[in-house]
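What follows is one structure encoded as structure tokens, with my remarks underneath.
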Amino acid sequence: MHMPVSMLFSDAASDPSPWLEVFGRAHPVLLHSPLGLLPALLLLEFGALLLRKEPPRGAILAVAWLCALSAAAAAASGLVLAGEDGYSGDTVGQHKLLGLTLGGLCVLAAILALLADRRAFRVVLVLACGVMIPAGHLGGNLTHGADFLFKPLAAKTAAPEKPAQPEHPAEPSTAPADTVPTYAAQIVPILERTCTKCHNEDKQKGELLLTTVDGIRAGGDNGPVFVAGKPDESPLVQRCELPLDDDDHMPPEGKPQPTAEELATLRAWIAAGAKFE
């Protein structure tokens, strides 16, 4: 009996092999090999030219093929990882395109390294190193957030000069205890510091988007993130207050954690109805 091709892969698509998932999650490990070998190739090839010596072709060929194989493995694992839930958006698409381009250039460079004429190999090698920079940058954005690389510079530029101290300092401008936190002023900064690196337009872990009002209201795979008026029943608070070593604790261990004051602010906002005005 003839079976449609789509049915052959239906079970695999709905229940992927755990080993395949492990391979995809090894992407951050695998990608460091070509990222280190490409500059080494550049140094071996062009360093010899600068010293007016013959390039060490045997070493270059061995490194080039090691780079090609590791780049292919990194590209394949990246495609598997991108297939997991939570990865979408322009940044993911651009990183995927650049990663595949980089992998292809590394393989092409290894093939061209076999030729006696070095010109094509050198051109492809320079192109690969050029593609490596934006590909790595976009990968860092997906892992650490879009502002990770230049945030220290932006903070330095935006830092205002310290005003002269008055003779009689004013009282600290802390809000009264009964003041209801507002979403824009108090809640957004907390989410940006602790949550949105994994729950944004490009990386929606658990199908949860915490950078927009609509996304917060919609919740994720596990349902709503808050119950208006009931902070004790709101997952946004519950999961933050779990022990750090609990599998359900959020943010994950190693990521920035909300302070006691921030948790109190979240509680107060939800208790007051979780209003977004």
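Note on naming: chains are A, B, ... as they come in the structure tokens, residues start from 1 per chain, ligands start from 1 in the order shown.
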(request) Mind checking which residues fall within 7 Å of Val225 in chain A, counting only C-alpha atoms, ignoring those fewer than 5 positions away in the same chain, and posting them as a PyMOL selection string? (result) chain A and resi 219+234-236
(request) Do a neighbour search on range 262-268 of chain A at 7 Å with only C-alpha atoms, toss out local chain neighbours closer than 3 positions, and write the hits as a PyMOL selection string. (result) chain A and resi 180-181+187+190+231+258-259+271-272
Fewer than 2 positions away in the same chain doesn't count, so skip those; otherwise give me all residues within 12 Å of Val131 in chain A, counting only C-alpha atoms, as a tab-separated table (two decimals) with C-alpha atoms, in the first residue's frame.
```tsv
chain	number	residue	atom	x	y	z
A	35	LEU	CA	35.22	30.98	14.65
A	38	LEU	CA	39.15	30.98	10.41
A	94	GLN	CA	19.34	36.88	9.29
A	95	HIS	CA	21.54	34.82	11.60
A	96	LYS	CA	20.44	31.61	9.88
A	97	LEU	CA	21.22	33.04	6.41
A	98	LEU	CA	24.65	34.32	7.47
A	99	GLY	CA	25.43	31.06	9.28
A	100	LEU	CA	24.64	28.97	6.20
A	101	THR	CA	26.65	31.37	4.04
A	102	LEU	CA	29.59	31.11	6.41
A	103	GLY	CA	29.42	27.32	6.43
A	104	GLY	CA	29.35	27.25	2.63
A	105	LEU	CA	32.32	29.61	2.37
A	106	CYS	CA	34.34	27.47	4.79
A	124	VAL	CA	37.03	33.23	-0.15
A	125	LEU	CA	38.98	33.18	3.11
A	126	VAL	CA	38.65	36.96	3.49
A	127	LEU	CA	34.93	36.79	2.61
A	128	ALA	CA	34.38	34.07	5.22
A	129	CYS	CA	36.07	36.15	7.91
A	133	ILE	CA	31.57	39.04	12.22
A	134	PRO	CA	27.88	39.89	11.61
A	135	ALA	CA	26.89	36.23	11.98
A	136	GLY	CA	28.51	36.10	15.41
A	137	HIS	CA	27.05	39.46	16.38
A	138	LEU	CA	23.50	38.38	15.54
```
(request) Name all residues at most 12 Å from Val123 in chain A (count only C-alpha atoms; drop same-chain ones fewer than 6 positions away) and give them as a list of chain:residue names. (result) A:Leu42, A:Glu45, A:Phe46, A:Leu105, A:Cys106, A:Leu108, A:Ala109, A:Leu112, A:Ala113, A:Asp117, A:Cys129, A:Gly130
(message) My list of candidates is A:Pro224, A:Gly47, A:Pro55, A:Pro18. Which is closest to Val80 in chain A when distances are computed with only C-alpha atoms?
(response) A:Pro18
